[in-house]
Amino acid sequence: MKAKIHVTLKNGVLDVQGKAVAAGLASLGFAGIGDVRVGRFVEIELSAKDRASAEASVKQMCEKLLANTVIENYRIEIAE
Amino acid sequence: MKAKIHVTLKNGVLDVQGKAVAAGLASLGFAGIGDVRVGRFVEIELSAKDRASAEASVKQMCEKLLANTVIENYRIEIAE
Amino acid sequence: MKTKTKRKSWRKPNDLMGLAPAEYDLACDIMGREPTYTELGIFSVMWSEHCSYKSSKKWLKTLPTKARWVICGPGENAGVIDIGDGDACIFKIESHNHPSYIEPYQGAATGVGGILRDVFTMGARPIANLNALRFGDPSHPKTRRLVAGVVAGIGGYGNCVGVPTVGGETNFHASYNGNCLVNAMTVGVARKDKIFYSAAAGAGNPVVYVGAKTGRDGIHGATMASAEFDDNSEEKRPTVQVGDPFVEKLLIEACLELMATDAIVAIQDMGAAGLTSSSVEMAGKGGLGIDLDLDNVPARETGMTSYEMMLSESQERMLIILKPDRIKVAEKIFAKYELDCATIGHLTKTGRLVVRKNGKVDADMPIAPMVQASPEYSRPWKPTKKRKPVDAAKLPKHDPARVLQELMGCPDLASRRWIWEQYDHLVRGHTLQRPGGDAAIVGLPGRRKALAMCVDSTPRYVHADPETGGAQAVVETWRNLTAVGAKPLAITDNMNFGNPQRPEIMGQFVGAIKGMRKACKALSYPVVSGNVSLYNETNGQAILPTPTIGGVGILKDASKSANLALKDAGDTIVLVGATKGWLGSSLYLREMEGREEGAPPPVDLKAEKRNGDFVRGLIVKGQVNSCHDLADGGLLVGLAEMALAGRKGAELSPPRTDNAYLFGEDQARYVVTTKNAKRLLAAAKKAKVPAMAIGTVSGHLELTLHDGVRISVDGLRKAHEGWLPAYMSQKN
Amino acid sequence: MKAAIVVFPGSNRENDAADALERASGKRPALVWHKDTELPSKLDLILLPGGFSYGDYLRCGAMAARSPIMREVIARADKGTAVVGVCNGFQILCEAGLLPGVLLSNAGLKFICRDVHLKVANSQTMFTNRYSNGEVIRFPVAHHDGNYFADADTLKRIEDGDQVAFRYCTPEGETVAAGNPNGSIANIAGVFNATKTVMGLMPHPENATDPATAGPLGGSLDGKPMFDAIVDALAK
Ligand SMILES: Nc1ncnc2c1ncn2[C@@H]1O[C@H](COP(=O)(O)OP(=O)(O)O)[C@@H](O)[C@H]1O
Ligand SMILES: [Mg+2]
């Protein structure tokens, strides 16, 4: 099974990279750029007996390591 | 409009972060972890007259700034 | 060369993986048959310019490499010199030009990783990194991105491994538009009796692979483009090498830990041409054979062929010959650091390289004939036409205040702070002289002494007159080391040139070597290691010939160093060395007149030695308060740099105030400041060293000339500190 | 005083810290490899050094914070053992929850290595009592992710509890943007836990203790009072 995890900064946390990307895009001449947010995208191959148990274990991984829940949110998708 | 961009390392390019995360998860006791890949996830709000022109302009952004096309691939989704 | 073996018709020139047809014939002779695909790959990398030095060998051999303090000269992974008390200093420079142009961050980062391995593989703890960078014209669309990427890559790697990056140099010139130069140097220290070499010994001894896993990184590009890989080409295309400084840090610690035991017979990093060159070189130097079983090579990807494994340039890997009963010792240490450690073969008496995979022999070739027959060319060369000196009297006049302002803010002289602040130059806690001075000084824990180091080259001089320029590059490092109070000991050199098959380019190479040779001899300053990078050209436009010199010197007493910052108001400013006012090939001529012309300043090696030894003596005796050597931009630029560093001004009354005098680039000169000018000038006279007082240090932030010119130090600072950050913050 | 420096894979300023402690105490602290889950007994001080633990991959300090030895460090800290985290060590302490807040990428998105000025915000602790409140000192920084962040509630708690140790400032002592190298909120360079037994800071006091680097060479000795204070407090 494969888990896809999106880790993004919570609202209200300064997104340094996002700001820099927005400025970079603007100076390259791209117009109409609004908010830019930069996050992490993690793909994990894992052997789990079913979707539910995979999801539960990936949630654990996020809580324990992949996200810093003080400042980050995460979203999990499980694909076969 | 909102563009969601996934930037990931090309196949065969050493993913130092992925390797480290896999090791980290294993040492936290997670079993059955296979390959782990870490990429970037960028969300951009933009004003574009239509989907097609948004897509074209985001493609430009990826080529010019968001992805390092020598070692990275990117995937674009446009949402209203 | 006479061909004995019949070639099969299907091997067309573009199937030869870059070998010349004559080289292929020679390979067939050595094999007594046509080489297999894997064997051909091995020949092709072993005989590549990069590994065989076929165009340069003949000339490199003429460089002086010996001195009483040289423990190991060129031929090993790095050079080794004796620095007293049983300590040795191990250092080398290496280029990563082409990879950095393709992928600046990773190219530069892996360049740093590679040179670190060359140094710690000999048993040294790396204590400092330096780098010499050349980029295209600032207005070229690619330049900014290359600067940003290369600097971030050097920092990203060096900062993580915890080796301070203490010095370097950066130039901009249109000749590097299509071909930037990234030369990285590492300096390490070891105990003199614990130096590790690469010559294998002991048939039967295990060959052990340690470090990161092998992937398809950087496999010989030319070969991969050849016809045989049409199917699956996406999968098998060469990939950019990605460095993992975290693994390198662990590898350094693990190797040094293993080196503290008695387990190692020989060790060598896997650099260019990876497993091939490391195994062939180790076995070759030991006069032995080597059997490799590639099924045991730790692999990152599945389905790799022998060819791919032998040619992969995956980073952070080492090859070790161990004593057979010490395998467990090594395994334990590498397990501690969670690095791979695998026995992948053993030494044999056959003198052959045998490569097996899946039980099949994919290569079986005689090592000595392959290494000995490695081509050495005597390429035709054409001397560079001599240029006439520039007649300064015929040049337009400019206000010296304006000239100084412009020079201090021009791309080649502006402050590099934007760069070095991205490098951790303080980690380890022994950086005595930080970046920004003439040479960096790094202390040795528990020792009174310290090492000084720097890298230099003035390519515009080399271009104008290769021999003078080659000599000048060597003396400039010697002078920079001297200016901080160090005794220069030895150099490493990185020869960056264009296509050696063009006689003009080969002429530049030969000329530079001749000049370097003379300078090294005159200064007892031998070459102990180096690297050659040829074919630095794009569309027939070659880079300026760039022999980068890395110099290392020693301060017996680290507390007796000098730096360029003006110290106390009232100190007398003394100019040491003779000034005629030489503007040929100067920065002044280029920046003010847009002319890159004229003979470069002559190099008088006797004067260099006399003046330098004199200045060093003053520093060691504590008789000067500050010291700076004069180079790009000449006297007034040197004084401005001293004023900026010391946050002081100066009241100047030089004998002449024409631009040639103020900005000429005459060699063998220093500016020192002292409280006791009388004593200093008397000593100079006795030593037959030209010296004269030209002013005093002042507390006002102004440089004044006695004919009324006044220049604000703050204004100079703005120009000097402003250019690079402003340039880098623009986008394109 | 008995001190231990925890060495993670990728730590690289452990010897700098050991040198500084040795200069202050005359005794070289033990370096403890992260895999030794047992810390020496009866420790007075645990120091987490600078570096790039686990390559700083994923997030700085994230993996080190979850390594087995950190459970032991947390247990000791809970019992009141003094803990100091410098740079990567600070990032680890925040990730491990021993200190409030997090460290984000520098606002300029670049690594910064240079001297910075700091204003002592609380000199009433065992780590800072040789300084006075408002004193301006100079340490080097060397980091890519030193941009301190805490949400409004946390920040209020930190400020109300006098938990700020140092703030970035100009050479003249003004805690304004011009003195802030990395975008840290409220110019915060270092913080304490609520009981002031744990301190983390981004700048490197250990690189401001060696007389050989100071004087005309321009290095700072302002880190010495910190190590002297620590040694003093723990000698008793
Ligand atoms: N320009 C040079 N001057 C002196 N020695 C050189 C020069 N170029 C290469 N060498 C020496 O040749 C040997 C091989 O160099 P290189 O191929 O760069 O080594 P490695 O494979 O270890 O990176 C080294 O001993 C190096 O010091
Ligand atoms: Mg080598």
# chains A, B, ... in the order shown; residues from 1 in each chain; ligands from 1

call {"tool": "residues_near_ligand", "arguments": {"ligand": "ligand 2", "cutoff": "8 Å", "atoms": "only C-alpha atoms and all ligand atoms", "output": "ChimeraX atom specification"}}
result
/C:76-78,114-115,117-119,121,268-271,278

call {"tool": "write_last_selection", "arguments": {"atoms": "N, CA, C and O atoms", "output": "PDB file, in the first residue's frame"}}
result
ATOM      1  N   GLU C  76      49.237  10.497  -4.816  1.00  0.00           N
ATOM      2  CA  GLU C  76      48.295   9.892  -3.875  1.00  0.00           C
ATOM      3  C   GLU C  76      47.007  10.716  -3.897  1.00  0.00           C
ATOM      4  O   GLU C  76      46.875  11.660  -4.667  1.00  0.00           O
ATOM      5  N   ASN C  77      46.076  10.348  -3.016  1.00  0.00           N
ATOM      6  CA  ASN C  77      44.806  11.072  -3.006  1.00  0.00           C
ATOM      7  C   ASN C  77      44.983  12.547  -2.693  1.00  0.00           C
ATOM      8  O   ASN C  77      44.228  13.386  -3.151  1.00  0.00           O
ATOM      9  N   ALA C  78      45.981  12.862  -1.876  1.00  0.00           N
ATOM     10  CA  ALA C  78      46.256  14.260  -1.529  1.00  0.00           C
ATOM     11  C   ALA C  78      47.722  14.367  -1.169  1.00  0.00           C
ATOM     12  O   ALA C  78      48.395  13.350  -0.976  1.00  0.00           O
ATOM     13  N   GLY C 114      33.659  15.376  -2.469  1.00  0.00           N
ATOM     14  CA  GLY C 114      34.730  14.614  -3.094  1.00  0.00           C
ATOM     15  C   GLY C 114      36.094  15.006  -2.562  1.00  0.00           C
ATOM     16  O   GLY C 114      36.933  14.146  -2.273  1.00  0.00           O
ATOM     17  N   ILE C 115      36.326  16.287  -2.423  1.00  0.00           N
ATOM     18  CA  ILE C 115      37.654  16.706  -1.979  1.00  0.00           C
ATOM     19  C   ILE C 115      37.853  16.377  -0.496  1.00  0.00           C
ATOM     20  O   ILE C 115      38.961  16.028  -0.070  1.00  0.00           O
ATOM     21  N   ARG C 117      36.775  13.712   0.911  1.00  0.00           N
ATOM     22  CA  ARG C 117      37.132  12.290   0.956  1.00  0.00           C
ATOM     23  C   ARG C 117      38.586  12.067   0.555  1.00  0.00           C
ATOM     24  O   ARG C 117      39.270  11.232   1.131  1.00  0.00           O
ATOM     25  N   ASP C 118      39.060  12.835  -0.434  1.00  0.00           N
ATOM     26  CA  ASP C 118      40.462  12.692  -0.832  1.00  0.00           C
ATOM     27  C   ASP C 118      41.399  12.971   0.338  1.00  0.00           C
ATOM     28  O   ASP C 118      42.503  12.448   0.403  1.00  0.00           O
ATOM     29  N   VAL C 119      40.962  13.827   1.234  1.00  0.00           N
ATOM     30  CA  VAL C 119      41.828  14.208   2.341  1.00  0.00           C
ATOM     31  C   VAL C 119      41.666  13.276   3.543  1.00  0.00           C
ATOM     32  O   VAL C 119      42.645  12.818   4.122  1.00  0.00           O
ATOM     33  N   THR C 121      40.669  10.255   3.466  1.00  0.00           N
ATOM     34  CA  THR C 121      41.060   8.887   3.126  1.00  0.00           C
ATOM     35  C   THR C 121      42.527   8.640   3.485  1.00  0.00           C
ATOM     36  O   THR C 121      42.960   7.512   3.642  1.00  0.00           O
ATOM     37  N   GLN C 268      41.038   4.037  -0.051  1.00  0.00           N
ATOM     38  CA  GLN C 268      40.900   4.988  -1.154  1.00  0.00           C
ATOM     39  C   GLN C 268      39.435   5.345  -1.294  1.00  0.00           C
ATOM     40  O   GLN C 268      38.563   4.497  -1.177  1.00  0.00           O
ATOM     41  N   ASP C 269      39.181   6.625  -1.535  1.00  0.00           N
ATOM     42  CA  ASP C 269      37.796   7.023  -1.759  1.00  0.00           C
ATOM     43  C   ASP C 269      37.366   6.601  -3.158  1.00  0.00           C
ATOM     44  O   ASP C 269      38.192   6.374  -4.023  1.00  0.00           O
ATOM     45  N   MET C 270      36.062   6.493  -3.349  1.00  0.00           N
ATOM     46  CA  MET C 270      35.564   6.234  -4.702  1.00  0.00           C
ATOM     47  C   MET C 270      35.150   7.572  -5.288  1.00  0.00           C
ATOM     48  O   MET C 270      34.088   8.093  -4.980  1.00  0.00           O
ATOM     49  N   GLY C 271      36.018   8.134  -6.099  1.00  0.00           N
ATOM     50  CA  GLY C 271      35.737   9.444  -6.675  1.00  0.00           C
ATOM     51  C   GLY C 271      35.257   9.290  -8.095  1.00  0.00           C
ATOM     52  O   GLY C 271      34.345   8.511  -8.378  1.00  0.00           O
ATOM     53  N   SER C 278      39.001   3.254  -8.185  1.00  0.00           N
ATOM     54  CA  SER C 278      39.528   2.923  -6.861  1.00  0.00           C
ATOM     55  C   SER C 278      40.115   1.513  -6.846  1.00  0.00           C
ATOM     56  O   SER C 278      41.217   1.306  -6.334  1.00  0.00           O
TER      57      SER C 278
END

call {"tool": "closest_atom_pairs", "arguments": {"of": "chain B", "to": "chain C", "cutoff": "7 Å", "atoms": "only C-alpha atoms", "output": "tab-separated table"}}
result
residue	atom	partner	partner_atom	distance
B:Gly12	CA	C:Arg216	CA	6.6
B:Val13	CA	C:Thr239	CA	6.3
B:Leu14	CA	C:Val242	CA	5.9
B:Val16	CA	C:Asp244	CA	6.2
B:Val70	CA	C:Glu103	CA	6.9
B:Ile71	CA	C:Val240	CA	6.9

call {"tool": "residues_near_ligand", "arguments": {"ligand": "ligand 1", "cutoff": "7 Å", "atoms": "only C-alpha atoms and all ligand atoms", "output": "PyMOL selection string"}}
result
chain C and resi 50-51+60+74-79+92+94+118+271-272+492-495+527-532

call {"tool": "closest_atom_pairs", "arguments": {"of": "chain D", "to": "chain A", "cutoff": "9 Å", "atoms": "only C-alpha atoms", "output": "tab-separated table"}}
result
residue	atom	partner	partner_atom	distance
D:Leu58	CA	A:Leu66	CA	7.4
D:Arg59	CA	A:Asn68	CA	8.5
D:Ala62	CA	A:Leu65	CA	6.8
D:Met63	CA	A:Leu65	CA	7.1
D:Arg66	CA	A:Leu65	CA	7.6
D:Glu95	CA	A:Asn68	CA	7.5
D:Gly101	CA	A:Val70	CA	8.0
D:Val102	CA	A:Ile71	CA	8.0
D:Leu104	CA	A:Val16	CA	7.8
D:Ser105	CA	A:Val16	CA	6.7
D:Asn106	CA	A:Val16	CA	7.6
D:Ala107	CA	A:Val16	CA	5.8
D:Gly108	CA	A:Val16	CA	8.1
D:Leu109	CA	A:Gln17	CA	7.3
D:Phe149	CA	A:Val13	CA	7.9
D:Ala150	CA	A:Val13	CA	8.5
D:Asp151	CA	A:Val13	CA	7.6

call {"tool": "closest_atom_pairs", "arguments": {"of": "range 23-70 of chain D", "to": "range 217-229 of chain D", "cutoff": "12 Å", "atoms": "only C-alpha atoms", "output": "CSV"}}
result
residue,atom,partner,partner_atom,distance
D:Arg23,CA,D:Phe227,CA,8.5
D:Ala24,CA,D:Asp228,CA,5.4
D:Ser25,CA,D:Asp228,CA,7.6
D:Gly26,CA,D:Asp228,CA,10.9
D:Leu45,CA,D:Phe227,CA,11.3
D:Leu47,CA,D:Phe227,CA,11.5

call {"tool": "interface_residues", "arguments": {"of": "chain A", "to": "chain B", "cutoff": "6 Å", "atoms": "only C-alpha atoms", "output": "PyMOL selection string"}}
result
chain A and resi 32-47

call {"tool": "write_last_selection", "arguments": {"atoms": "C-alpha atoms", "output": "PDB file, in the first residue's frame"}}
result
ATOM      1  CA  GLY A  32      -2.095  38.025 -10.251  1.00  0.00           C
ATOM      2  CA  ILE A  33      -0.292  35.874  -7.711  1.00  0.00           C
ATOM      3  CA  GLY A  34      -2.122  35.711  -4.404  1.00  0.00           C
ATOM      4  CA  ASP A  35      -1.235  33.646  -1.383  1.00  0.00           C
ATOM      5  CA  VAL A  36       1.462  31.002  -1.831  1.00  0.00           C
ATOM      6  CA  ARG A  37       1.936  28.182   0.652  1.00  0.00           C
ATOM      7  CA  VAL A  38       4.744  25.662   0.623  1.00  0.00           C
ATOM      8  CA  GLY A  39       4.434  22.352   2.363  1.00  0.00           C
ATOM      9  CA  ARG A  40       5.896  18.864   2.310  1.00  0.00           C
ATOM     10  CA  PHE A  41       4.666  15.868   0.401  1.00  0.00           C
ATOM     11  CA  VAL A  42       5.665  12.455   1.698  1.00  0.00           C
ATOM     12  CA  GLU A  43       4.993   9.145  -0.030  1.00  0.00           C
ATOM     13  CA  ILE A  44       5.447   5.959   1.945  1.00  0.00           C
ATOM     14  CA  GLU A  45       5.230   2.397   0.684  1.00  0.00           C
ATOM     15  CA  LEU A  46       4.002   0.221   3.468  1.00  0.00           C
ATOM     16  CA  SER A  47       2.747  -3.245   4.048  1.00  0.00           C
TER      17      SER A  47
END

call {"tool": "interface_residues", "arguments": {"of": "chain C", "to": "chain D", "cutoff": "10 Å", "atoms": "only C-alpha atoms", "output": "ChimeraX atom specification"}}
result
/C:152,155-156,159-163,244-250,253,336-338,417-434,442-443,445,448,558-559,561-563,565,567,625-626,646

call {"tool": "select_by_dssp", "arguments": {"residues": "range 6-230 of chain D", "states": "strand (DSSP E)", "output": "NGL selection string"}}
result
:D and (6-7 or 30-33 or 45-48 or 82-86 or 102-104 or 112-120 or 136-143 or 147-149 or 164-169 or 188-192 or 198-201)

call {"tool": "select_by_dssp", "arguments": {"residues": "range 23-222 of chain D", "states": "alpha helix (DSSP H)", "output": "PyMOL selection string"}}
result
chain D and resi 23-25+62-65+68-78+88-95+152-160

call {"tool": "write_last_selection", "arguments": {"atoms": "N, CA, C and O atoms", "output": "compact mmCIF listing (two decimals), in the first residue's frame"}}
result
# COMPACT_ATOMS: atom_id res chain seq x y z
N ARG D 23 37.25 24.97 29.42
CA ARG D 23 37.89 26.24 29.77
C ARG D 23 37.32 26.80 31.07
O ARG D 23 38.04 27.37 31.88
N ALA D 24 36.01 26.63 31.26
CA ALA D 24 35.37 27.20 32.44
C ALA D 24 35.58 26.35 33.68
O ALA D 24 35.72 26.88 34.79
N SER D 25 35.61 25.04 33.51
CA SER D 25 35.59 24.16 34.70
C SER D 25 36.91 23.44 34.93
O SER D 25 37.13 22.87 35.99
N ALA D 62 14.06 17.25 14.41
CA ALA D 62 12.88 16.39 14.59
C ALA D 62 13.25 14.96 14.93
O ALA D 62 12.68 14.36 15.84
N MET D 63 14.18 14.41 14.21
CA MET D 63 14.49 13.00 14.46
C MET D 63 15.27 12.81 15.75
O MET D 63 15.04 11.86 16.49
N ALA D 64 16.19 13.73 16.02
CA ALA D 64 16.95 13.62 17.27
C ALA D 64 16.00 13.70 18.47
O ALA D 64 16.17 12.98 19.45
N ALA D 65 14.99 14.58 18.35
CA ALA D 65 14.06 14.76 19.46
C ALA D 65 13.34 13.47 19.81
O ALA D 65 12.89 13.28 20.93
N PRO D 68 15.93 7.57 21.26
CA PRO D 68 15.78 7.00 22.60
C PRO D 68 16.46 7.82 23.70
O PRO D 68 15.91 8.00 24.77
N ILE D 69 17.64 8.37 23.40
CA ILE D 69 18.34 9.07 24.48
C ILE D 69 17.57 10.30 24.93
O ILE D 69 17.69 10.75 26.07
N MET D 70 16.75 10.85 24.05
CA MET D 70 16.00 12.05 24.44
C MET D 70 14.95 11.73 25.50
O MET D 70 14.60 12.59 26.31
N ARG D 71 14.45 10.49 25.49
CA ARG D 71 13.51 10.13 26.57
C ARG D 71 14.20 10.27 27.91
O ARG D 71 13.64 10.78 28.88
N GLU D 72 15.46 9.84 27.94
CA GLU D 72 16.26 9.93 29.16
C GLU D 72 16.54 11.41 29.51
O GLU D 72 16.44 11.81 30.67
N VAL D 73 16.86 12.21 28.48
CA VAL D 73 17.12 13.63 28.73
C VAL D 73 15.88 14.29 29.31
O VAL D 73 15.95 15.07 30.27
N ILE D 74 14.73 13.96 28.72
CA ILE D 74 13.48 14.56 29.21
C ILE D 74 13.24 14.15 30.66
O ILE D 74 12.88 14.97 31.51
N ALA D 75 13.50 12.88 30.95
CA ALA D 75 13.28 12.41 32.32
C ALA D 75 14.18 13.18 33.29
O ALA D 75 13.75 13.60 34.37
N ARG D 76 15.44 13.37 32.92
CA ARG D 76 16.35 14.10 33.80
C ARG D 76 15.92 15.57 33.94
O ARG D 76 15.98 16.14 35.03
N ALA D 77 15.53 16.14 32.81
CA ALA D 77 15.09 17.55 32.86
C ALA D 77 13.90 17.68 33.79
O ALA D 77 13.80 18.62 34.57
N ASP D 78 12.99 16.71 33.71
CA ASP D 78 11.80 16.76 34.57
C ASP D 78 12.19 16.69 36.04
O ASP D 78 11.51 17.22 36.90
N ASN D 88 21.34 23.63 16.93
CA ASN D 88 20.59 22.40 16.68
C ASN D 88 20.04 21.83 17.99
O ASN D 88 18.94 21.27 18.04
N GLY D 89 20.79 22.00 19.07
CA GLY D 89 20.32 21.54 20.37
C GLY D 89 19.05 22.26 20.80
O GLY D 89 18.14 21.68 21.38
N PHE D 90 18.96 23.54 20.48
CA PHE D 90 17.75 24.33 20.77
C PHE D 90 16.60 23.80 19.93
O PHE D 90 15.48 23.57 20.43
N GLN D 91 16.87 23.54 18.66
CA GLN D 91 15.82 23.00 17.78
C GLN D 91 15.32 21.66 18.33
O GLN D 91 14.12 21.38 18.34
N ILE D 92 16.23 20.86 18.82
CA ILE D 92 15.85 19.55 19.36
C ILE D 92 14.98 19.73 20.61
O ILE D 92 13.95 19.06 20.77
N LEU D 93 15.38 20.64 21.48
CA LEU D 93 14.61 20.85 22.71
C LEU D 93 13.19 21.34 22.41
O LEU D 93 12.23 20.95 23.08
N CYS D 94 13.07 22.18 21.37
CA CYS D 94 11.73 22.64 20.99
C CYS D 94 10.91 21.49 20.40
O CYS D 94 9.75 21.29 20.76
N GLU D 95 11.54 20.72 19.53
CA GLU D 95 10.84 19.58 18.93
C GLU D 95 10.44 18.56 19.99
O GLU D 95 9.43 17.88 19.87
N ALA D 152 0.49 33.33 19.51
CA ALA D 152 0.27 34.46 20.40
C ALA D 152 0.14 34.05 21.87
O ALA D 152 0.75 34.68 22.75
N ASP D 153 -0.59 32.98 22.11
CA ASP D 153 -0.77 32.55 23.51
C ASP D 153 0.56 32.13 24.13
O ASP D 153 0.89 32.50 25.26
N THR D 154 1.28 31.32 23.36
CA THR D 154 2.56 30.83 23.87
C THR D 154 3.51 32.00 24.12
O THR D 154 4.18 32.07 25.16
N LEU D 155 3.52 32.92 23.16
CA LEU D 155 4.41 34.08 23.31
C LEU D 155 4.08 34.86 24.58
O LEU D 155 4.98 35.26 25.32
N LYS D 156 2.81 35.00 24.82
CA LYS D 156 2.41 35.75 26.01
C LYS D 156 2.89 35.03 27.28
O LYS D 156 3.41 35.63 28.20
N ARG D 157 2.72 33.71 27.24
CA ARG D 157 3.15 32.90 28.39
C ARG D 157 4.67 33.06 28.60
O ARG D 157 5.14 33.22 29.72
N ILE D 158 5.42 33.02 27.50
CA ILE D 158 6.88 33.14 27.58
C ILE D 158 7.28 34.49 28.17
O ILE D 158 8.10 34.59 29.08
N GLU D 159 6.62 35.52 27.63
CA GLU D 159 6.98 36.87 28.09
C GLU D 159 6.56 37.06 29.55
O GLU D 159 7.34 37.57 30.36
N ASP D 160 5.35 36.63 29.87
CA ASP D 160 4.87 36.81 31.24
C ASP D 160 5.72 36.04 32.23
O ASP D 160 5.90 36.47 33.37

call {"tool": "residues_around", "arguments": {"residues": "Arg656 in chain C", "least_positions_apart": "4", "cutoff": "10 Å", "atoms": "only C-alpha atoms", "output": "MDAnalysis selection string"}}
result
chainID C and resid 579 581 660:662 707

call {"tool": "write_last_selection", "arguments": {"atoms": "N, CA and C atoms", "output": "PDB file, in the first residue's frame"}}
result
ATOM      1  N   THR C 579      57.361  50.420  -6.836  1.00  0.00           N
ATOM      2  CA  THR C 579      56.187  50.758  -7.641  1.00  0.00           C
ATOM      3  C   THR C 579      56.614  51.531  -8.873  1.00  0.00           C
ATOM      4  N   GLY C 581      54.190  51.558 -11.532  1.00  0.00           N
ATOM      5  CA  GLY C 581      52.886  51.997 -12.024  1.00  0.00           C
ATOM      6  C   GLY C 581      52.495  51.187 -13.249  1.00  0.00           C
ATOM      7  N   ALA C 660      48.462  55.610 -12.534  1.00  0.00           N
ATOM      8  CA  ALA C 660      49.322  54.442 -12.695  1.00  0.00           C
ATOM      9  C   ALA C 660      49.980  54.092 -11.360  1.00  0.00           C
ATOM     10  N   TYR C 661      50.395  55.099 -10.641  1.00  0.00           N
ATOM     11  CA  TYR C 661      51.013  54.835  -9.339  1.00  0.00           C
ATOM     12  C   TYR C 661      49.977  54.324  -8.344  1.00  0.00           C
ATOM     13  N   LEU C 662      48.828  54.952  -8.352  1.00  0.00           N
ATOM     14  CA  LEU C 662      47.813  54.613  -7.331  1.00  0.00           C
ATOM     15  C   LEU C 662      47.118  53.288  -7.602  1.00  0.00           C
ATOM     16  N   ASP C 707      47.466  66.022  -2.227  1.00  0.00           N
ATOM     17  CA  ASP C 707      47.118  67.043  -3.220  1.00  0.00           C
ATOM     18  C   ASP C 707      45.649  67.430  -3.157  1.00  0.00           C
TER      19      ASP C 707
END

call {"tool": "residues_around", "arguments": {"residues": "range 629-642 of chain C", "least_positions_apart": "2", "cutoff": "7 Å", "atoms": "only C-alpha atoms", "output": "short mmCIF file (atom, residue, chain, number, x, y, z; two decimals) with C-alpha atoms, in the first residue's frame"}}
result
data_model
loop_
_atom_site.label_atom_id
_atom_site.label_comp_id
_atom_site.auth_asym_id
_atom_site.auth_seq_id
_atom_site.Cartn_x
_atom_site.Cartn_y
_atom_site.Cartn_z
CA LEU C 404 38.55 54.10 -6.22
CA MET C 408 35.82 49.01 -4.77
CA ARG C 479 52.35 36.65 -0.56
CA ASN C 480 48.94 36.17 1.00
CA ALA C 483 50.95 38.81 4.81
CA LEU C 564 44.89 43.95 7.26
CA ALA C 565 42.77 46.09 9.57
CA LEU C 566 44.30 49.49 10.30
CA LEU C 587 41.69 45.95 -13.22
CA TYR C 588 41.96 49.71 -13.67
CA CYS C 627 49.77 44.12 6.95
CA LEU C 644 37.36 49.37 5.74
CA ALA C 645 38.55 46.45 7.84
CA GLY C 646 39.88 48.68 10.59
CA LEU C 662 47.81 54.61 -7.33
CA PHE C 663 46.18 51.74 -9.22
CA GLY C 664 49.06 49.97 -10.98
CA GLU C 665 49.46 46.30 -10.13
CA ARG C 669 54.37 44.75 -2.64
CA TYR C 670 52.87 45.03 0.82
CA VAL C 671 51.49 47.81 2.93
#
